[in-house]
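File shown: start28.cif (mmCIF, C-alpha atoms).
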```cif
data_target
loop_
_atom_site.label_atom_id
_atom_site.label_comp_id
_atom_site.auth_asym_id
_atom_site.auth_seq_id
_atom_site.Cartn_x
_atom_site.Cartn_y
_atom_site.Cartn_z
CA MET V 14 -33.64 -63.59 39.66
CA ARG V 15 -34.00 -59.83 39.25
CA ILE V 16 -31.46 -57.12 40.10
CA LEU V 17 -32.53 -53.90 41.84
CA ASN V 18 -30.01 -51.12 42.29
CA PHE V 19 -31.27 -48.62 44.87
CA GLY V 20 -28.69 -45.97 44.16
CA SER V 21 -27.52 -42.46 43.46
CA LEU V 22 -27.69 -40.47 40.23
CA ASN V 23 -25.38 -37.50 39.75
CA ILE V 24 -24.36 -34.87 37.27
CA ASP V 25 -20.55 -34.94 37.10
CA TYR V 26 -18.61 -31.78 36.28
CA VAL V 27 -15.12 -32.95 35.32
CA TYR V 28 -12.15 -30.57 35.16
CA SER V 29 -8.91 -31.70 33.48
CA VAL V 30 -5.93 -30.29 35.38
CA SER V 31 -2.16 -30.75 35.36
CA HIS V 32 -2.31 -31.83 39.01
CA ILE V 33 -4.85 -32.04 41.80
CA LEU V 34 -5.05 -28.72 43.63
CA ARG V 35 -3.32 -28.08 46.93
CA PRO V 36 -4.90 -25.94 49.68
CA GLY V 37 -4.94 -22.26 48.70
CA GLU V 38 -3.96 -22.96 45.09
CA THR V 39 -5.76 -21.64 41.98
CA LEU V 40 -5.26 -23.52 38.74
CA THR V 41 -6.60 -23.13 35.20
CA ALA V 42 -8.27 -26.28 33.88
CA SER V 43 -7.54 -27.30 30.30
CA LYS V 44 -11.04 -28.67 29.83
CA MET V 45 -14.44 -28.93 31.55
CA GLU V 46 -16.96 -31.63 30.64
CA ARG V 47 -20.37 -32.70 31.96
CA PHE V 48 -21.14 -36.39 32.33
CA ALA V 49 -23.82 -38.66 33.75
CA GLY V 50 -22.55 -40.10 37.02
CA GLY V 51 -23.30 -41.26 40.52
CA LYS V 52 -22.01 -44.55 41.89
CA GLY V 53 -25.46 -46.09 41.75
CA SER V 54 -26.16 -44.91 38.23
CA ASN V 55 -22.74 -45.99 36.99
CA GLN V 56 -23.17 -49.48 38.42
CA THR V 57 -26.62 -49.78 36.86
CA VAL V 58 -25.30 -48.73 33.45
CA ALA V 59 -22.44 -51.21 33.80
CA LEU V 60 -24.93 -53.98 34.58
CA ALA V 61 -27.06 -53.04 31.57
CA ARG V 62 -24.09 -52.81 29.17
CA ALA V 63 -22.87 -56.15 30.47
CA GLY V 64 -26.25 -57.56 29.40
CA ALA V 65 -28.17 -57.72 32.68
CA ALA V 66 -31.82 -56.88 33.22
CA VAL V 67 -31.61 -54.23 35.96
CA TRP V 68 -34.06 -51.92 37.70
CA HIS V 69 -32.83 -48.61 39.13
CA ALA V 70 -34.54 -46.90 42.07
CA GLY V 71 -33.58 -43.42 43.22
CA CYS V 72 -34.40 -39.72 42.90
CA ILE V 73 -33.52 -36.92 40.48
CA GLY V 74 -34.39 -33.24 40.20
CA ALA V 75 -35.69 -31.47 37.11
CA ASP V 76 -32.11 -30.85 35.98
CA GLY V 77 -31.47 -34.59 35.89
CA GLU V 78 -34.12 -35.76 33.46
CA PHE V 79 -31.40 -36.53 30.91
CA LEU V 80 -30.20 -39.22 33.34
CA ARG V 81 -33.57 -40.97 33.09
CA GLU V 82 -33.32 -40.95 29.31
CA MET V 83 -29.73 -42.19 29.42
CA HIS V 84 -30.83 -45.12 31.55
CA ARG V 85 -33.65 -45.97 29.17
CA GLU V 86 -31.27 -45.88 26.21
CA ALA V 87 -28.98 -48.29 28.07
CA GLY V 88 -31.88 -50.69 28.58
CA VAL V 89 -32.45 -50.00 32.28
CA HIS V 90 -35.94 -50.34 33.80
CA THR V 91 -36.76 -46.87 35.19
CA GLU V 92 -40.25 -47.22 36.70
CA PHE V 93 -38.80 -46.87 40.22
CA LEU V 94 -36.93 -43.64 39.44
CA ARG V 95 -38.66 -40.67 41.11
CA SER V 96 -38.61 -36.94 40.28
CA VAL V 97 -38.40 -34.61 43.29
CA GLU V 98 -38.07 -30.89 43.92
CA GLY V 99 -34.57 -29.43 44.15
CA PRO V 100 -31.34 -30.20 42.31
CA THR V 101 -30.05 -33.60 41.25
CA GLY V 102 -26.99 -34.88 43.07
CA SER V 103 -23.73 -33.58 41.62
CA THR V 104 -19.96 -33.84 41.80
CA VAL V 105 -17.00 -31.65 40.98
CA ILE V 106 -14.14 -33.87 39.83
CA GLN V 107 -10.51 -32.93 39.25
CA VAL V 108 -8.68 -35.32 36.92
CA GLU V 109 -4.92 -34.92 36.63
CA GLU V 110 -2.74 -36.00 33.71
CA SER V 111 -1.99 -39.40 35.28
CA GLY V 112 -5.72 -40.18 35.37
CA GLU V 113 -6.00 -39.93 39.16
CA ASN V 114 -8.88 -37.87 40.51
CA CYS V 115 -10.41 -36.21 43.54
CA ILE V 116 -14.14 -35.69 43.99
CA ILE V 117 -16.47 -33.31 45.85
CA TYR V 118 -19.97 -34.79 46.21
CA TYR V 119 -23.26 -32.94 46.79
CA PRO V 120 -26.15 -35.37 47.54
CA GLY V 121 -29.07 -33.25 46.31
CA ALA V 122 -32.03 -35.44 45.33
CA ASN V 123 -30.15 -38.58 46.38
CA HIS V 124 -31.09 -37.78 49.97
CA CYS V 125 -34.82 -37.47 49.22
CA ILE V 126 -35.69 -41.18 49.43
CA THR V 127 -38.67 -41.85 51.70
CA PRO V 128 -39.93 -44.93 53.59
CA ALA V 129 -42.95 -44.97 51.26
CA GLN V 130 -40.67 -45.12 48.20
CA ILE V 131 -38.68 -47.95 49.74
CA ALA V 132 -41.82 -49.99 50.46
CA GLU V 133 -43.33 -49.31 47.04
CA THR V 134 -40.12 -50.26 45.24
CA LEU V 135 -39.38 -53.45 47.16
CA ALA V 136 -42.96 -54.62 46.66
CA GLY V 137 -41.92 -55.43 43.10
CA PHE V 138 -39.20 -57.87 44.19
CA ALA V 139 -39.09 -61.22 45.95
CA ALA V 140 -36.90 -63.74 47.76
CA GLY V 141 -33.84 -64.64 45.72
CA ASP V 142 -33.71 -61.31 43.89
CA ILE V 143 -30.61 -59.13 44.31
CA LEU V 144 -30.33 -55.69 45.91
CA LEU V 145 -27.29 -53.62 45.03
CA LEU V 146 -26.68 -50.63 47.28
CA GLN V 147 -24.06 -47.91 47.82
CA ASN V 148 -23.62 -45.17 50.43
CA GLU V 149 -24.49 -42.07 48.37
CA ILE V 150 -28.21 -42.15 49.25
CA ASN V 151 -30.14 -41.71 52.48
CA CYS V 152 -31.86 -44.61 54.31
CA PRO V 153 -29.34 -47.35 53.41
CA ALA V 154 -29.86 -49.16 56.72
CA GLU V 155 -33.64 -49.17 56.23
CA ILE V 156 -33.27 -50.46 52.67
CA ILE V 157 -30.93 -53.28 53.76
CA ARG V 158 -33.33 -54.42 56.50
CA ALA V 159 -36.38 -54.23 54.23
CA ALA V 160 -34.69 -56.14 51.39
CA LYS V 161 -33.31 -58.82 53.69
CA GLY V 162 -36.76 -59.14 55.24
CA LYS V 163 -38.04 -60.15 51.81
CA GLY V 164 -35.28 -62.72 51.39
CA MET V 165 -33.31 -60.70 48.84
CA ARG V 166 -29.52 -61.06 48.56
CA VAL V 167 -27.78 -57.83 49.58
CA PHE V 168 -24.64 -56.62 47.75
CA PHE V 169 -23.24 -53.51 49.43
CA ASN V 170 -20.61 -51.09 48.17
CA PRO V 171 -19.94 -48.85 51.23
CA SER V 172 -18.75 -45.88 49.18
CA PRO V 173 -18.19 -43.16 50.16
CA ILE V 174 -17.05 -44.71 53.41
CA THR V 175 -18.27 -42.78 56.48
CA ASP V 176 -18.44 -43.38 60.22
CA ALA V 177 -22.19 -43.96 59.87
CA VAL V 178 -21.58 -47.15 57.87
CA MET V 179 -20.55 -49.00 61.03
CA ASP V 180 -24.05 -48.44 62.43
CA TYR V 181 -25.72 -50.12 59.44
CA PRO V 182 -26.90 -53.75 59.83
CA LEU V 183 -23.78 -55.07 58.11
CA GLU V 184 -24.41 -58.56 59.45
CA LEU V 185 -27.25 -58.77 56.89
CA VAL V 186 -24.96 -58.12 53.91
CA ASP V 187 -24.31 -61.11 51.62
CA CYS V 188 -21.43 -59.56 49.68
CA PHE V 189 -19.21 -56.55 50.38
CA LEU V 190 -17.83 -54.84 47.26
CA VAL V 191 -14.93 -52.69 48.45
CA ASN V 192 -11.67 -51.10 47.43
CA GLU V 193 -8.62 -51.23 49.67
CA ILE V 194 -9.46 -47.99 51.51
CA GLU V 195 -13.05 -49.06 52.20
CA ALA V 196 -11.95 -52.54 53.27
CA ALA V 197 -9.40 -51.11 55.71
CA ALA V 198 -11.99 -48.74 57.18
CA LEU V 199 -14.50 -51.55 57.73
CA ALA V 200 -11.87 -53.94 59.06
CA GLY V 201 -10.17 -51.36 61.26
CA THR V 202 -6.76 -52.29 59.86
CA GLU V 203 -4.72 -51.92 56.68
CA ALA V 204 -3.06 -55.30 57.32
CA ASP V 205 -4.87 -57.86 55.13
CA PRO V 206 -8.31 -56.24 55.57
CA ALA V 207 -10.07 -58.83 53.38
CA THR V 208 -9.17 -61.61 55.80
CA VAL V 209 -10.24 -59.52 58.78
CA LEU V 210 -13.58 -58.75 57.10
CA ALA V 211 -14.08 -62.42 56.25
CA GLU V 212 -13.59 -63.25 59.93
CA LYS V 213 -15.81 -60.39 61.08
CA TYR V 214 -18.64 -61.26 58.68
CA PRO V 215 -18.33 -65.04 58.16
CA ASP V 216 -21.58 -65.35 56.21
CA ALA V 217 -20.56 -62.72 53.65
CA GLU V 218 -18.38 -62.79 50.56
CA ILE V 219 -15.67 -60.12 50.34
CA VAL V 220 -14.76 -58.75 46.90
CA MET V 221 -11.88 -56.26 47.10
CA THR V 222 -10.58 -54.35 44.09
CA LEU V 223 -6.87 -53.56 43.92
CA GLY V 224 -6.74 -51.07 41.04
CA LYS V 225 -4.32 -52.10 38.31
CA ARG V 226 -3.25 -55.07 40.49
CA GLY V 227 -6.62 -56.74 39.97
CA ALA V 228 -9.01 -58.00 42.64
CA ILE V 229 -9.58 -60.75 45.18
CA TRP V 230 -12.60 -62.71 46.41
CA GLN V 231 -12.60 -64.14 49.92
CA LYS V 232 -14.96 -66.08 52.14
CA GLY V 233 -13.66 -67.62 55.31
CA GLU V 234 -10.13 -68.83 54.61
CA LEU V 235 -10.74 -69.37 50.90
CA ARG V 236 -9.26 -66.66 48.68
CA ILE V 237 -9.42 -66.34 44.88
CA PRO V 238 -7.18 -63.72 43.22
CA ALA V 239 -7.44 -62.16 39.78
CA GLU V 240 -4.69 -60.21 38.02
CA GLY V 241 -5.37 -56.78 36.58
CA PHE V 242 -4.57 -55.45 33.11
CA THR V 243 -1.95 -52.86 32.23
CA VAL V 244 -3.47 -49.97 30.27
CA ARG V 245 -2.85 -46.26 29.85
CA ALA V 246 -5.25 -44.49 32.21
CA GLN V 247 -7.05 -41.28 31.30
CA ASP V 248 -9.67 -41.14 34.06
CA THR V 249 -10.17 -43.62 36.89
CA THR V 250 -13.63 -42.23 37.74
CA GLY V 251 -16.18 -45.04 37.53
CA ALA V 252 -13.66 -47.88 37.21
CA GLY V 253 -14.82 -49.53 40.43
CA ASP V 254 -18.45 -49.09 39.40
CA THR V 255 -17.73 -50.77 36.06
CA PHE V 256 -16.10 -53.65 37.92
CA THR V 257 -19.12 -54.00 40.20
CA GLY V 258 -21.65 -54.15 37.37
CA TYR V 259 -19.67 -56.64 35.33
CA TYR V 260 -18.85 -58.82 38.34
CA LEU V 261 -22.48 -59.03 39.41
CA LYS V 262 -23.66 -59.86 35.88
CA ALA V 263 -21.02 -62.60 35.51
CA LEU V 264 -21.99 -63.96 38.91
CA THR V 265 -25.68 -64.19 38.00
CA ASP V 266 -24.68 -65.91 34.74
CA GLY V 267 -23.11 -68.66 36.80
CA LEU V 268 -19.49 -67.98 35.83
CA PRO V 269 -16.84 -69.37 38.20
CA THR V 270 -15.64 -66.71 40.62
CA ALA V 271 -12.18 -66.46 39.03
CA ASP V 272 -13.72 -65.88 35.59
CA ALA V 273 -16.18 -63.33 36.98
CA LEU V 274 -13.33 -61.39 38.60
CA ARG V 275 -11.24 -61.47 35.42
CA ARG V 276 -14.11 -60.24 33.26
CA ALA V 277 -14.86 -57.43 35.71
CA CYS V 278 -11.19 -56.41 35.77
CA ALA V 279 -11.15 -56.31 31.97
CA ALA V 280 -14.20 -54.05 31.76
CA ALA V 281 -12.71 -51.72 34.38
CA ALA V 282 -9.41 -51.58 32.45
CA ILE V 283 -11.27 -50.46 29.33
CA ALA V 284 -13.14 -47.80 31.34
CA VAL V 285 -10.01 -46.14 32.77
CA GLY V 286 -8.76 -45.51 29.25
CA ARG V 287 -11.60 -43.06 28.64
CA MET V 288 -12.96 -39.87 30.15
CA GLY V 289 -16.15 -39.81 32.19
CA ALA V 290 -17.91 -42.33 34.38
CA ALA V 291 -20.99 -43.82 32.70
CA ALA V 292 -19.68 -42.67 29.31
CA SER V 293 -16.54 -44.81 29.71
CA ILE V 294 -18.26 -48.13 30.47
CA PRO V 295 -17.82 -50.71 27.68
CA ASP V 296 -20.47 -53.10 26.41
CA ALA V 297 -20.20 -56.88 26.55
CA VAL V 298 -18.96 -57.24 22.95
CA GLU V 299 -16.09 -54.82 23.52
CA THR V 300 -15.16 -56.59 26.73
CA ASP V 301 -15.13 -59.94 24.94
CA GLU V 302 -12.80 -58.50 22.29
CA PHE V 303 -10.49 -57.08 24.95
CA LEU V 304 -10.19 -60.48 26.61
CA LYS V 305 -9.36 -62.37 23.41
CA GLY V 306 -5.79 -63.54 23.42
CA ARG V 307 -5.08 -62.26 26.93
#
```
Please express the file's structure as structure tokens.
Amino acid sequence: MRILNFGSLNIDYVYSVSHILRPGETLTASKMERFAGGKGSNQTVALARAGAAVWHAGCIGADGEFLREMHREAGVHTEFLRSVEGPTGSTVIQVEESGENCIIYYPGANHCITPAQIAETLAGFAAGDILLLQNEINCPAEIIRAAKGKGMRVFFNPSPITDAVMDYPLELVDCFLVNEIEAAALAGTEADPATVLAEKYPDAEIVMTLGKRGAIWQKGELRIPAEGFTVRAQDTTGAGDTFTGYYLKALTDGLPTADALRRACAAAAIAVGRMGAAASIPDAVETDEFLKGR
């Protein structure tokens, strides 16, 4: 079983502020830092640091070559990562003192994926392999159909959530990885959205993160909860991506669902205690140490 993440790669510009700006307000940041980011890239790095063999497919501009090197250093297979003209995807992130953030996203090279690249990439994978996908790249619907046509298992994180997501072939998704906002948007209700999604997509597993309250897994009427961990947050950017990578690795290792959720919550708790997205993701040894005695 091989894991392919067809996902975004961004350059994150992170500004530390006393509070997130209001309309019309100007505020002096106490610090500005540049990090490797992108939901796809973060999830790939989390998979690699958790110990998974993972291939990343996507596009970067000339300004993003350091992202390729960062992936290689993490142990990621990068032969499906393409260089294109124009800038790499980027974000401007405000992080306030509580650790909460707001993000402006510019797709850049992430929207340069072509049908030829999709076909060439998926040719290297087979039935039973896993596709991990987010919503920061172009052609997600085409990628889902092509992967499912090969018999791959599709894990979809519909972030950032947009109206276009509802036109994707969601009935082909094997597992939805969502936070509460994304779950509510897909379900059309804030009242127990995981149950509504489980009814709407009966063949799919629903994994919903709840921030510091933990996470739940649901399929049909069966629900498995996992408690979160109380930590002092510095930056919540990338916490969900860390959870995704660690959950998927634990799942492919054959861990029971409850244990997979707990391990993913632990890795995410470590990540929120640090600045940056990919830079904050712990490795497997650190996550093991965190879990000891808890």
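You can rank V:Glu218, V:Glu203, V:Glu78, V:Asp254 by their closest distance to Ile237 (chain V) using all atoms listed in the file, and at the top of that list sits V:Glu218.
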**Study point:** Which of V:Gly99, V:Gly77, V:Pro295, V:Pro173 sits closest to Leu60 (chain V) [using all atoms listed in the file]
**Key:**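 Nearest to Leu60 (chain V): V:Pro295.
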Sort by chain and increasing residue number a table of all residues of region 186-262 of chain V within 10 Å of region 64-70 of chain V, each with its closest pair of atoms and their distance in Å to one decimal, counting only C-alpha atoms, and write it as JSON lines.
```
{"residue": "V:Gly258", "atom": "CA", "partner": "V:Ala65", "partner_atom": "CA", "distance": 8.8}
{"residue": "V:Tyr259", "atom": "CA", "partner": "V:Gly64", "partner_atom": "CA", "distance": 8.9}
{"residue": "V:Leu261", "atom": "CA", "partner": "V:Ala65", "partner_atom": "CA", "distance": 8.9}
{"residue": "V:Lys262", "atom": "CA", "partner": "V:Ala65", "partner_atom": "CA", "distance": 5.9}
```
Point to revise | Expansion of the PyMOL selection byres ((chain V and resi 22) around 7) into residues, as a list in words | key: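 Applied to this file, the PyMOL selection byres ((chain V and resi 22) around 7) selects Gly20, Ser21, Asn23, Gly50, Gly51, Gly53, Ser54, Ile73, Gly102 and Asn123 of chain V.
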Point to revise | For Thr222 (chain V): contacts at 9 Å, only C-alpha atoms, fewer than 3 positions along chain excluded, given as a VMD selection string | key: chain V and resid 190 to 193 225 to 230 253 256 278
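In this comparison, which uses only C-alpha atoms, the residue of V:Thr243, V:Thr208, V:Thr202, V:Ser29 approaching Val105 (chain V) most closely is V:Ser29.
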Check your understanding: Which is closer to Ala63 (chain V) than all the others in V:Lys44, V:Thr134, V:Val89, V:Arg166, using all atoms listed in the file?
Key ->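 Distance minimum relative to Ala63 (chain V) lands on V:Val89.
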Review point. Can you tell me, as a VMD selection string, what residues are no more than 12 Å from region 195-198 of chain V when counting all atoms listed in the file, ignoring any on the same chain fewer than 2 positions away?
Key: chain V and resid 147 to 148 169 to 179 189 to 193 200 to 211 213 219 to 223 229 253
Review point. If you count only C-alpha atoms, which residues fall within 8 Å of Ala290 (chain V), apart from same-chain ones fewer than 4 positions away, as a list of chain:residue names?
Key: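 Here the answer would be V:Phe48, V:Ala49, V:Gly50, V:Asn55, V:Thr250, V:Gly251, V:Ala252, V:Ala284, V:Ile294.
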**Study point:** Distance query Met14 (chain V) at most 10 Å, all atoms listed in the file, self and fewer than 6 positions along chain excluded, as a list in words
**Key:**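 What passes the distance filter is Ala66, Phe138, Ala139, Ala140, Gly141, Asp142, Ile143, Met165 and Thr265 of chain V.
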Put the listed atoms of region 188-193 of chain V in a box along x, y and z with 6 Å added on every side and give me the centre and edge lengths in Å to one decimal, as lines of an AutoDock Vina configuration file.
```
center_x = -15.0
center_y = -55.3
center_z = 48.8
size_x = 24.8
size_y = 20.5
size_z = 15.1
```
Point to revise | Point-to-point distance in Å for CA of Asp180 (chain V) and CA of Ser103 (chain V) | key: 25.6 Å
Practice item. Take the point (-13.1, -30.7, 33.0) in the file's coordinates, draw a sphere of radius 7 Å around it, and report as a list of chain:residue names every protein, DNA or RNA residue with an atom inside or on it, counting all atoms listed in the file. Key: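 Every polymer residue passing the test: V:Tyr26, V:Val27, V:Tyr28, V:Ser29, V:Ala42, V:Lys44, V:Met45, V:Glu46.
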Review point. Mind pulling up the distance from CA of His124 (chain V) to CA of Ile150 (chain V)?
Key: 5.3 Å
